[in-house]
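Chemist: Handing over model-v3.pdb, PDB, C-alpha atoms (C1' of nucleotides).
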```
ATOM      1  CA  MET N   1       2.970  10.177   5.039
ATOM      2  CA  PRO N   2       2.675  13.047   2.555
ATOM      3  CA  VAL N   3       3.148  11.886  -1.019
ATOM      4  CA  ALA N   4       6.227  13.822  -2.082
ATOM      5  CA  GLU N   5       7.877  15.117  -5.224
ATOM      6  CA  LEU N   6       5.595  13.550  -7.785
ATOM      7  CA  ILE N   7       6.340  13.995 -11.439
ATOM      8  CA  PRO N   8       3.352  15.719 -13.059
ATOM      9  CA  LEU N   9       1.162  13.103 -14.687
ATOM     10  CA  ARG N  10       1.390  14.776 -18.046
ATOM     11  CA  ASP N  11       5.201  14.686 -18.055
ATOM     12  CA  LEU N  12       5.176  11.127 -16.899
ATOM     13  CA  ALA N  13       3.043  10.187 -19.866
ATOM     14  CA  ALA N  14       5.249  12.067 -22.260
ATOM     15  CA  CYS N  15       8.584  10.667 -21.210
ATOM     16  CA  CYS N  16       8.277   6.918 -21.285
ATOM     17  CA  ALA N  17       7.789   4.404 -24.035
ATOM     18  CA  PRO N  18       4.935   1.907 -24.082
ATOM     19  CA  ILE N  19       5.510  -0.275 -21.094
ATOM     20  CA  THR N  20       5.719  -3.549 -22.969
ATOM     21  CA  ARG N  21       8.099  -2.637 -25.770
ATOM     22  CA  GLU N  22      11.167  -2.155 -23.638
ATOM     23  CA  PRO N  23      11.542  -2.572 -19.910
ATOM     24  CA  VAL N  24      10.474   0.522 -18.052
ATOM     25  CA  SER N  25      13.275   2.326 -16.238
ATOM     26  CA  VAL N  26      13.616   2.159 -12.496
ATOM     27  CA  THR N  27      12.792   5.824 -12.000
ATOM     28  CA  ASN N  28       9.776   5.690 -14.294
ATOM     29  CA  ALA N  29       8.550   2.596 -12.498
ATOM     30  CA  GLU N  30       8.801   4.453  -9.222
ATOM     31  CA  SER N  31       6.974   7.493 -10.549
ATOM     32  CA  LEU N  32       4.196   5.480 -12.092
ATOM     33  CA  SER N  33       3.838   3.358  -8.977
ATOM     34  CA  ARG N  34       3.420   6.505  -6.888
ATOM     35  CA  SER N  35       0.708   7.729  -9.229
ATOM     36  CA  LEU N  36      -1.061   4.375  -9.073
ATOM     37  CA  LYS N  37      -0.659   4.081  -5.315
ATOM     38  CA  ALA N  38      -2.464   7.373  -4.870
ATOM     39  CA  LEU N  39      -5.409   5.880  -6.702
ATOM     40  CA  ALA N  40      -5.205   2.370  -5.281
ATOM     41  CA  ASP N  41      -7.451   2.923  -2.313
ATOM     42  CA  PRO N  42     -11.213   2.395  -2.137
ATOM     43  CA  ALA N  43     -11.861   5.639  -0.305
ATOM     44  CA  ARG N  44      -9.793   7.684  -2.743
ATOM     45  CA  LEU N  45     -11.395   6.074  -5.784
ATOM     46  CA  ARG N  46     -14.779   6.893  -4.365
ATOM     47  CA  LEU N  47     -13.654  10.440  -3.630
ATOM     48  CA  VAL N  48     -12.508  11.014  -7.197
ATOM     49  CA  SER N  49     -15.737   9.532  -8.447
ATOM     50  CA  MET N  50     -17.904  11.514  -6.086
ATOM     51  CA  VAL N  51     -16.195  14.784  -6.908
ATOM     52  CA  ALA N  52     -16.576  14.198 -10.636
ATOM     53  CA  ALA N  53     -20.172  13.112 -10.297
ATOM     54  CA  HIS N  54     -21.114  15.977  -8.021
ATOM     55  CA  GLU N  55     -23.066  18.984  -9.177
ATOM     56  CA  ASP N  56     -20.873  21.369 -11.173
ATOM     57  CA  ALA N  57     -18.159  18.703 -10.991
ATOM     58  CA  GLU N  58     -16.914  20.050  -7.712
ATOM     59  CA  ALA N  59     -17.515  19.253  -4.075
ATOM     60  CA  CYS N  60     -16.467  20.455  -0.670
ATOM     61  CA  VAL N  61     -15.278  18.244   2.144
ATOM     62  CA  CYS N  62     -18.628  18.412   3.886
ATOM     63  CA  ASP N  63     -20.289  16.965   0.801
ATOM     64  CA  LEU N  64     -18.012  13.960   0.933
ATOM     65  CA  THR N  65     -17.574  13.042   4.582
ATOM     66  CA  ASP N  66     -21.002  11.595   5.272
ATOM     67  CA  PRO N  67     -21.371   9.425   2.143
ATOM     68  CA  LEU N  68     -17.862   8.062   2.620
ATOM     69  CA  GLU N  69     -18.548   7.144   6.227
ATOM     70  CA  LEU N  70     -15.093   8.215   7.283
ATOM     71  CA  SER N  71     -13.982  10.852   9.742
ATOM     72  CA  GLN N  72     -13.401  14.382   8.513
ATOM     73  CA  SER N  73      -9.694  14.180   9.196
ATOM     74  CA  THR N  74      -9.396  10.985   7.193
ATOM     75  CA  VAL N  75     -11.244  12.507   4.265
ATOM     76  CA  SER N  76      -8.984  15.537   4.379
ATOM     77  CA  HIS N  77      -5.983  13.250   4.370
ATOM     78  CA  HIS N  78      -7.183  11.345   1.307
ATOM     79  CA  LEU N  79      -7.970  14.571  -0.523
ATOM     80  CA  LYS N  80      -4.475  15.807   0.158
ATOM     81  CA  VAL N  81      -3.001  12.615  -1.290
ATOM     82  CA  LEU N  82      -5.105  13.039  -4.418
ATOM     83  CA  VAL N  83      -4.123  16.679  -4.796
ATOM     84  CA  ASP N  84      -0.442  15.920  -4.288
ATOM     85  CA  ALA N  85      -0.659  13.184  -6.903
ATOM     86  CA  GLY N  86      -2.218  15.585  -9.394
ATOM     87  CA  TYR N  87      -5.675  14.090  -9.656
ATOM     88  CA  LEU N  88      -7.583  16.807  -7.812
ATOM     89  CA  MET N  89      -7.247  20.531  -7.434
ATOM     90  CA  SER N  90      -8.736  22.658  -4.669
ATOM     91  CA  SER N  91     -10.019  26.181  -4.399
ATOM     92  CA  LYS N  92     -11.330  28.157  -1.474
ATOM     93  CA  ARG N  93     -14.525  30.180  -1.361
ATOM     94  CA  GLY N  94     -15.309  31.478   2.085
ATOM     95  CA  THR N  95     -15.008  28.715   4.596
ATOM     96  CA  TRP N  96     -15.498  26.010   1.999
ATOM     97  CA  HIS N  97     -12.773  24.173   0.158
ATOM     98  CA  TYR N  98     -13.919  22.932  -3.195
ATOM     99  CA  TYR N  99     -12.270  20.051  -4.965
ATOM    100  CA  ARG N 100     -12.453  19.202  -8.648
ATOM    101  CA  LEU N 101     -10.845  16.793 -11.057
ATOM    102  CA  VAL N 102      -7.689  17.845 -12.860
ATOM    103  CA  PRO N 103      -8.749  17.445 -16.504
ATOM    104  CA  GLY N 104      -6.945  14.599 -18.232
ATOM    105  CA  SER N 105      -5.190  13.329 -15.162
ATOM    106  CA  LEU N 106      -6.960   9.984 -15.164
ATOM    107  CA  ASP N 107      -6.458   9.627 -18.898
ATOM    108  CA  SER N 108      -2.743  10.189 -18.497
ATOM    109  CA  VAL N 109      -2.362   7.269 -16.136
ATOM    110  CA  ALA N 110      -4.693   5.143 -18.188
ATOM    111  CA  ALA N 111      -2.672   5.874 -21.304
ATOM    112  CA  LEU N 112       0.456   4.593 -19.598
ATOM    113  CA  LEU N 113      -1.213   1.292 -18.894
ATOM    114  CA  ALA N 114      -3.131   0.832 -22.106
ATOM    115  CA  THR N 115      -0.202   1.118 -24.504
ATOM    116  CA  VAL N 116       0.577  -2.536 -24.866
TER
ATOM    117  CA  MET F   1      -0.933 -11.143   2.170
ATOM    118  CA  PRO F   2      -2.231 -13.073  -0.811
ATOM    119  CA  VAL F   3      -4.475 -10.920  -2.976
ATOM    120  CA  ALA F   4      -7.794 -12.680  -2.602
ATOM    121  CA  GLU F   5     -11.019 -13.158  -4.519
ATOM    122  CA  LEU F   6     -10.419 -10.660  -7.262
ATOM    123  CA  ILE F   7     -13.110 -10.058  -9.789
ATOM    124  CA  PRO F   8     -11.733 -10.943 -13.233
ATOM    125  CA  LEU F   9     -10.592  -7.742 -14.864
ATOM    126  CA  ARG F  10     -12.769  -8.260 -17.882
ATOM    127  CA  ASP F  11     -15.931  -8.597 -15.803
ATOM    128  CA  LEU F  12     -14.911  -5.640 -13.728
ATOM    129  CA  ALA F  13     -14.673  -3.536 -16.850
ATOM    130  CA  ALA F  14     -18.033  -4.708 -18.043
ATOM    131  CA  CYS F  15     -19.990  -4.149 -14.864
ATOM    132  CA  CYS F  16     -19.429  -0.595 -13.778
ATOM    133  CA  ALA F  17     -20.356   2.726 -15.242
ATOM    134  CA  PRO F  18     -17.786   5.351 -16.166
ATOM    135  CA  ILE F  19     -16.343   6.531 -12.927
ATOM    136  CA  THR F  20     -17.369  10.138 -13.304
ATOM    137  CA  ARG F  21     -20.977   9.726 -14.359
ATOM    138  CA  GLU F  22     -22.268   8.341 -11.122
ATOM    139  CA  PRO F  23     -20.341   7.611  -7.957
ATOM    140  CA  VAL F  24     -18.704   4.228  -8.109
ATOM    141  CA  SER F  25     -20.142   1.661  -5.721
ATOM    142  CA  VAL F  26     -18.290   0.597  -2.625
ATOM    143  CA  THR F  27     -17.700  -2.926  -3.904
ATOM    144  CA  ASN F  28     -16.499  -1.750  -7.290
ATOM    145  CA  ALA F  29     -14.179   0.718  -5.630
ATOM    146  CA  GLU F  30     -12.731  -2.099  -3.565
ATOM    147  CA  SER F  31     -12.272  -4.354  -6.583
ATOM    148  CA  LEU F  32     -10.648  -1.672  -8.670
ATOM    149  CA  SER F  33      -8.404  -0.627  -5.820
ATOM    150  CA  ARG F  34      -7.205  -4.216  -5.433
ATOM    151  CA  SER F  35      -6.401  -4.339  -9.132
ATOM    152  CA  LEU F  36      -4.529  -1.061  -8.934
ATOM    153  CA  LYS F  37      -2.738  -2.010  -5.736
ATOM    154  CA  ALA F  38      -1.322  -5.076  -7.457
ATOM    155  CA  LEU F  39       0.207  -2.792 -10.048
ATOM    156  CA  ALA F  40       1.189   0.049  -7.745
ATOM    157  CA  ASP F  41       4.648  -1.209  -6.917
ATOM    158  CA  PRO F  42       7.903  -0.383  -8.716
ATOM    159  CA  ALA F  43       9.125  -3.966  -8.709
ATOM    160  CA  ARG F  44       5.840  -5.309 -10.062
ATOM    161  CA  LEU F  45       5.607  -2.670 -12.760
ATOM    162  CA  ARG F  46       9.101  -3.566 -13.853
ATOM    163  CA  LEU F  47       8.219  -7.257 -13.781
ATOM    164  CA  VAL F  48       5.204  -6.771 -16.033
ATOM    165  CA  SER F  49       7.294  -4.663 -18.348
ATOM    166  CA  MET F  50      10.205  -7.059 -18.390
ATOM    167  CA  VAL F  51       7.994 -10.050 -19.083
ATOM    168  CA  ALA F  52       6.250  -8.301 -21.944
ATOM    169  CA  ALA F  53       9.482  -7.010 -23.407
ATOM    170  CA  HIS F  54      11.256 -10.332 -23.091
ATOM    171  CA  GLU F  55      11.914 -12.621 -26.015
ATOM    172  CA  ASP F  56       8.738 -14.435 -27.088
ATOM    173  CA  ALA F  57       6.895 -12.244 -24.578
ATOM    174  CA  GLU F  58       7.577 -14.685 -21.791
ATOM    175  CA  ALA F  59      10.199 -15.046 -19.092
ATOM    176  CA  CYS F  60      11.129 -17.400 -16.283
ATOM    177  CA  VAL F  61      11.989 -16.313 -12.771
ATOM    178  CA  CYS F  62      15.698 -16.716 -13.397
ATOM    179  CA  ASP F  63      15.454 -14.186 -16.232
ATOM    180  CA  LEU F  64      13.978 -11.619 -13.875
ATOM    181  CA  THR F  65      15.774 -11.962 -10.571
ATOM    182  CA  ASP F  66      19.127 -10.478 -11.548
ATOM    183  CA  PRO F  67      17.893  -7.388 -13.437
ATOM    184  CA  LEU F  68      15.443  -6.622 -10.647
ATOM    185  CA  GLU F  69      18.140  -6.837  -7.994
ATOM    186  CA  LEU F  70      15.792  -8.518  -5.585
ATOM    187  CA  SER F  71      15.980 -11.917  -3.941
ATOM    188  CA  GLN F  72      14.435 -14.900  -5.668
ATOM    189  CA  SER F  73      11.786 -15.292  -2.986
ATOM    190  CA  THR F  74      10.776 -11.665  -3.322
ATOM    191  CA  VAL F  75      10.475 -11.991  -7.080
ATOM    192  CA  SER F  76       8.357 -15.099  -6.662
ATOM    193  CA  HIS F  77       6.153 -13.218  -4.259
ATOM    194  CA  HIS F  78       5.608 -10.336  -6.665
ATOM    195  CA  LEU F  79       4.880 -12.702  -9.518
ATOM    196  CA  LYS F  80       2.245 -14.418  -7.423
ATOM    197  CA  VAL F  81       0.587 -11.099  -6.677
ATOM    198  CA  LEU F  82       0.491 -10.296 -10.387
ATOM    199  CA  VAL F  83      -0.907 -13.715 -11.281
ATOM    200  CA  ASP F  84      -3.568 -13.506  -8.576
ATOM    201  CA  ALA F  85      -4.563 -10.073  -9.822
ATOM    202  CA  GLY F  86      -4.949 -11.374 -13.351
ATOM    203  CA  TYR F  87      -2.098  -9.553 -15.042
ATOM    204  CA  LEU F  88       0.219 -12.509 -15.566
ATOM    205  CA  MET F  89      -0.236 -16.189 -16.283
ATOM    206  CA  SER F  90       2.307 -18.919 -15.685
ATOM    207  CA  SER F  91       3.133 -22.201 -17.330
ATOM    208  CA  LYS F  92       5.626 -24.888 -16.461
ATOM    209  CA  ARG F  93       8.090 -26.506 -18.826
ATOM    210  CA  GLY F  94      10.516 -28.754 -17.038
ATOM    211  CA  THR F  95      11.978 -27.021 -14.070
ATOM    212  CA  TRP F  96      11.243 -23.592 -15.460
ATOM    213  CA  HIS F  97       8.164 -21.522 -14.769
ATOM    214  CA  TYR F  98       7.359 -19.144 -17.585
ATOM    215  CA  TYR F  99       5.323 -16.020 -17.091
ATOM    216  CA  ARG F 100       3.508 -14.023 -19.729
ATOM    217  CA  LEU F 101       1.072 -11.133 -19.869
ATOM    218  CA  VAL F 102      -2.641 -11.872 -19.812
ATOM    219  CA  PRO F 103      -3.787 -10.231 -23.053
ATOM    220  CA  GLY F 104      -5.961  -7.201 -22.456
ATOM    221  CA  SER F 105      -5.512  -7.139 -18.721
ATOM    222  CA  LEU F 106      -3.724  -3.807 -18.682
ATOM    223  CA  ASP F 107      -6.219  -2.340 -21.122
ATOM    224  CA  SER F 108      -9.085  -3.382 -18.882
ATOM    225  CA  VAL F 109      -7.750  -1.422 -15.950
ATOM    226  CA  ALA F 110      -6.837   1.479 -18.168
ATOM    227  CA  ALA F 111     -10.342   1.520 -19.589
ATOM    228  CA  LEU F 112     -11.788   1.811 -16.109
ATOM    229  CA  LEU F 113      -9.688   4.878 -15.422
ATOM    230  CA  ALA F 114      -9.978   6.560 -18.774
ATOM    231  CA  THR F 115     -13.762   6.763 -18.858
ATOM    232  CA  VAL F 116     -14.067  10.207 -17.404
TER
ATOM    233  C1'  DA V   1     -14.737  40.383  20.459
ATOM    234  C1'  DT V   2     -17.095  35.708  20.732
ATOM    235  C1'  DT V   3     -18.763  31.998  18.829
ATOM    236  C1'  DA V   4     -19.352  28.586  15.467
ATOM    237  C1'  DA V   5     -18.487  26.235  11.211
ATOM    238  C1'  DA V   6     -15.255  24.152   7.819
ATOM    239  C1'  DC V   7     -10.973  22.200   7.178
ATOM    240  C1'  DA V   8      -6.100  21.115   7.995
ATOM    241  C1'  DT V   9      -2.633  19.205  10.861
ATOM    242  C1'  DC V  10      -0.715  16.310  14.532
ATOM    243  C1'  DG V  11       0.158  12.195  17.317
ATOM    244  C1'  DA V  12      -0.935   7.668  18.213
ATOM    245  C1'  DT V  13      -2.287   3.087  16.926
ATOM    246  C1'  DG V  14      -2.912  -1.157  14.517
ATOM    247  C1'  DC V  15      -2.834  -3.408  10.240
ATOM    248  C1'  DC V  16      -0.745  -4.114   5.788
ATOM    249  C1'  DT V  17       3.133  -5.165   2.892
ATOM    250  C1'  DG V  18       7.859  -5.477   0.839
ATOM    251  C1'  DT V  19      11.914  -7.800   1.879
ATOM    252  C1'  DC V  20      15.017 -11.516   3.117
ATOM    253  C1'  DA V  21      17.004 -16.037   4.779
ATOM    254  C1'  DA V  22      15.789 -20.568   5.400
ATOM    255  C1'  DT V  23      13.360 -24.432   4.095
ATOM    256  C1'  DG V  24      10.284 -27.283   1.249
ATOM    257  C1'  DT V  25       9.010 -29.215  -3.433
ATOM    258  C1'  DT V  26       9.462 -30.668  -7.952
ATOM    259  C1'  DT V  27      12.124 -32.036 -11.902
ATOM    260  C1'  DA V  28      16.057 -33.386 -14.455
ATOM    261  C1'  DT V  29      20.510 -35.610 -14.508
ATOM    262  C1'  DG V  30      24.372 -38.420 -13.303
TER
ATOM    263  C1'  DC W   1      19.148 -43.240  -5.545
ATOM    264  C1'  DA W   2      21.652 -38.938  -4.892
ATOM    265  C1'  DT W   3      22.443 -34.456  -6.267
ATOM    266  C1'  DA W   4      21.562 -30.096  -8.122
ATOM    267  C1'  DA W   5      18.752 -26.581 -10.213
ATOM    268  C1'  DA W   6      14.482 -23.753 -10.339
ATOM    269  C1'  DC W   7      10.805 -22.049  -7.776
ATOM    270  C1'  DA W   8       7.399 -21.764  -4.073
ATOM    271  C1'  DT W   9       6.429 -21.283   0.689
ATOM    272  C1'  DT W  10       7.197 -19.985   5.444
ATOM    273  C1'  DG W  11       8.474 -17.046   9.318
ATOM    274  C1'  DA W  12      10.233 -12.883  10.846
ATOM    275  C1'  DC W  13      10.935  -8.079  10.734
ATOM    276  C1'  DA W  14      10.742  -3.207   9.574
ATOM    277  C1'  DG W  15       8.652   0.491   7.342
ATOM    278  C1'  DG W  16       4.375   2.212   5.296
ATOM    279  C1'  DC W  17      -0.316   3.558   5.598
ATOM    280  C1'  DA W  18      -5.322   4.110   6.798
ATOM    281  C1'  DT W  19      -7.794   5.600  10.509
ATOM    282  C1'  DC W  20      -9.210   8.250  14.472
ATOM    283  C1'  DG W  21      -9.538  11.862  18.187
ATOM    284  C1'  DA W  22      -7.770  16.099  19.484
ATOM    285  C1'  DT W  23      -6.170  20.419  18.429
ATOM    286  C1'  DG W  24      -4.965  24.363  15.440
ATOM    287  C1'  DT W  25      -6.468  27.813  11.799
ATOM    288  C1'  DT W  26      -9.284  30.515   9.064
ATOM    289  C1'  DT W  27     -13.576  32.657   7.943
ATOM    290  C1'  DA W  28     -18.228  34.295   8.727
ATOM    291  C1'  DA W  29     -21.816  35.741  11.640
ATOM    292  C1'  DT W  30     -23.704  37.624  15.791
TER
END
```
Translate the structure described by the file into structure tokens.
Modeler:
Amino acid sequence: MPVAELIPLRDLAACCAPITREPVSVTNAESLSRSLKALADPARLRLVSMVAAHEDAEACVCDLTDPLELSQSTVSHHLKVLVDAGYLMSSKRGTWHYYRLVPGSLDSVAALLATV
Amino acid sequence: MPVAELIPLRDLAACCAPITREPVSVTNAESLSRSLKALADPARLRLVSMVAAHEDAEACVCDLTDPLELSQSTVSHHLKVLVDAGYLMSSKRGTWHYYRLVPGSLDSVAALLATV
DNA sequence: ATTAAACATCGATGCCTGTCAATGTTTATG
DNA sequence: CATAAACATTGACAGGCATCGATGTTTAAT
């Protein structure tokens, strides 16, 4: 179910006019819907929030599994969706995989919705 | 599949702290995800956009079915989802059902995402 | 080299959801 | 009243997706 070929959030924000001035194009609607879909899940919203709220604004999978009350494989899956969608980035140090917010990614999506 | 018991978007915006300051609560994550899910569909994004961009900022189902290239029942379904989620409101004049944007609804969701 | 820990990936499963055709409902009109 | 137009609702179906257990992979430590 890997989220595929997403337009970078920044480009998405740059290319389309305010949504309510003229009808959004089919392709832009599809891109934006993919970006929103990646965020439209309780577990993933909590993950983004938990990562951002965590010490040093980064967290490894083991920090997130217990509070989320989901299996490790499920958490890994959600993190992958968020990375593919451009909301999170990951880095490896030793055995640990650290995740952090991509700066401005949330604002980009928000900007697309707020411009009425 | 009716989107059920949604917290009004305005209240939702008022009740929860910026998503990155402290982890969002489970219930708030569920509410926000329902609001986002309602928007995370190409057809529904186009509907919102088409309604807002339409003359007098309102449109009836017959205005929307052809451009969307979806069946009338499918369009009705999507409109219901958007109304239930608080993005659109409908009014009846004669045989026609007119839909318009709920003012500020998009901004409310955007505000929830932008507060990083 | 073994073992263990931290994740990722895979396969399976059950629910969710977008779509349509068919039908029901309401309103206007002849 | 009968008919037609505009929508809503229903039932069915297929594809999508969240979830899990099991297994694979990489790294560190003994």
Chemist: List the residues selected by the PyMOL selection byres ((chain F) within 8 of (chain N)) in the file shown, writing them as a PDB file with C-alpha atoms, in the frame of the given file.
Modeler:
```pdb
ATOM      1  CA  ILE F  19     -16.343   6.531 -12.927  1.00  0.00           C
ATOM      2  CA  THR F  20     -17.369  10.138 -13.304  1.00  0.00           C
ATOM      3  CA  ARG F  21     -20.977   9.726 -14.359  1.00  0.00           C
ATOM      4  CA  GLU F  22     -22.268   8.341 -11.122  1.00  0.00           C
ATOM      5  CA  PRO F  23     -20.341   7.611  -7.957  1.00  0.00           C
ATOM      6  CA  VAL F  24     -18.704   4.228  -8.109  1.00  0.00           C
ATOM      7  CA  SER F  25     -20.142   1.661  -5.721  1.00  0.00           C
ATOM      8  CA  VAL F  26     -18.290   0.597  -2.625  1.00  0.00           C
ATOM      9  CA  ALA F  29     -14.179   0.718  -5.630  1.00  0.00           C
ATOM     10  CA  GLU F  30     -12.731  -2.099  -3.565  1.00  0.00           C
ATOM     11  CA  LEU F  32     -10.648  -1.672  -8.670  1.00  0.00           C
ATOM     12  CA  SER F  33      -8.404  -0.627  -5.820  1.00  0.00           C
ATOM     13  CA  ARG F  34      -7.205  -4.216  -5.433  1.00  0.00           C
ATOM     14  CA  SER F  35      -6.401  -4.339  -9.132  1.00  0.00           C
ATOM     15  CA  LEU F  36      -4.529  -1.061  -8.934  1.00  0.00           C
ATOM     16  CA  LYS F  37      -2.738  -2.010  -5.736  1.00  0.00           C
ATOM     17  CA  LEU F  39       0.207  -2.792 -10.048  1.00  0.00           C
ATOM     18  CA  ALA F  40       1.189   0.049  -7.745  1.00  0.00           C
ATOM     19  CA  ASP F  41       4.648  -1.209  -6.917  1.00  0.00           C
ATOM     20  CA  PRO F  42       7.903  -0.383  -8.716  1.00  0.00           C
ATOM     21  CA  ALA F  43       9.125  -3.966  -8.709  1.00  0.00           C
ATOM     22  CA  LEU F  45       5.607  -2.670 -12.760  1.00  0.00           C
ATOM     23  CA  ARG F  46       9.101  -3.566 -13.853  1.00  0.00           C
ATOM     24  CA  VAL F  48       5.204  -6.771 -16.033  1.00  0.00           C
ATOM     25  CA  SER F  49       7.294  -4.663 -18.348  1.00  0.00           C
ATOM     26  CA  MET F  50      10.205  -7.059 -18.390  1.00  0.00           C
ATOM     27  CA  VAL F  51       7.994 -10.050 -19.083  1.00  0.00           C
ATOM     28  CA  ALA F  52       6.250  -8.301 -21.944  1.00  0.00           C
ATOM     29  CA  ALA F  53       9.482  -7.010 -23.407  1.00  0.00           C
ATOM     30  CA  LEU F 106      -3.724  -3.807 -18.682  1.00  0.00           C
ATOM     31  CA  ASP F 107      -6.219  -2.340 -21.122  1.00  0.00           C
ATOM     32  CA  SER F 108      -9.085  -3.382 -18.882  1.00  0.00           C
ATOM     33  CA  VAL F 109      -7.750  -1.422 -15.950  1.00  0.00           C
ATOM     34  CA  ALA F 110      -6.837   1.479 -18.168  1.00  0.00           C
ATOM     35  CA  ALA F 111     -10.342   1.520 -19.589  1.00  0.00           C
ATOM     36  CA  LEU F 113      -9.688   4.878 -15.422  1.00  0.00           C
ATOM     37  CA  ALA F 114      -9.978   6.560 -18.774  1.00  0.00           C
ATOM     38  CA  THR F 115     -13.762   6.763 -18.858  1.00  0.00           C
ATOM     39  CA  VAL F 116     -14.067  10.207 -17.404  1.00  0.00           C
TER      40      VAL F 116
END
```
Chemist: Find the residues in chain N near chain V: any atom within 9 Å counts, using all atoms listed in the file. Write them as a ChimeraX atom specification.
Modeler: /N:61-62,72-73,76-77,95-97
Chemist: One decimal, in Å: what's the spacing between CA of Ser71 in chain F and C1' of DT3 in chain W?
Modeler: 23.6 Å
Chemist: Applied to this file, what does the PyMOL selection byres ((chain W) within 12 of (chain F)) return in terms of residues, put as a ChimeraX atom specification?
Modeler: /W:4-10
Chemist: Taking the file as shown, find all residues satisfying the PyMOL selection byres ((chain F and resi 85) around 7) and write them as JSON, numbers by chain.
Modeler: {"F": [3, 6, 35, 38, 81, 82, 83, 84, 86, 87]}
Chemist: One number please: CA of Asp56 in chain F to CA of Ser90 in chain F, in Å, one decimal.
Modeler: 13.8 Å
Chemist: Step by step, gather every atom of range 20-27 of chain V that the file lists, find the box along x, y and z that holds them, add 8 Å on each side, and finally give centre and edge lengths in Å to one decimal, as lines of an AutoDock Vina configuration file.
Modeler:
```
center_x = 13.0
center_y = -21.8
center_z = -3.3
size_x = 24.0
size_y = 36.5
size_z = 33.3
```
Chemist: Rounded to one decimal in Å, what is the spacing between CA of Thr65 in chain N and C1' of DA22 in chain W?
Modeler: 18.1 Å
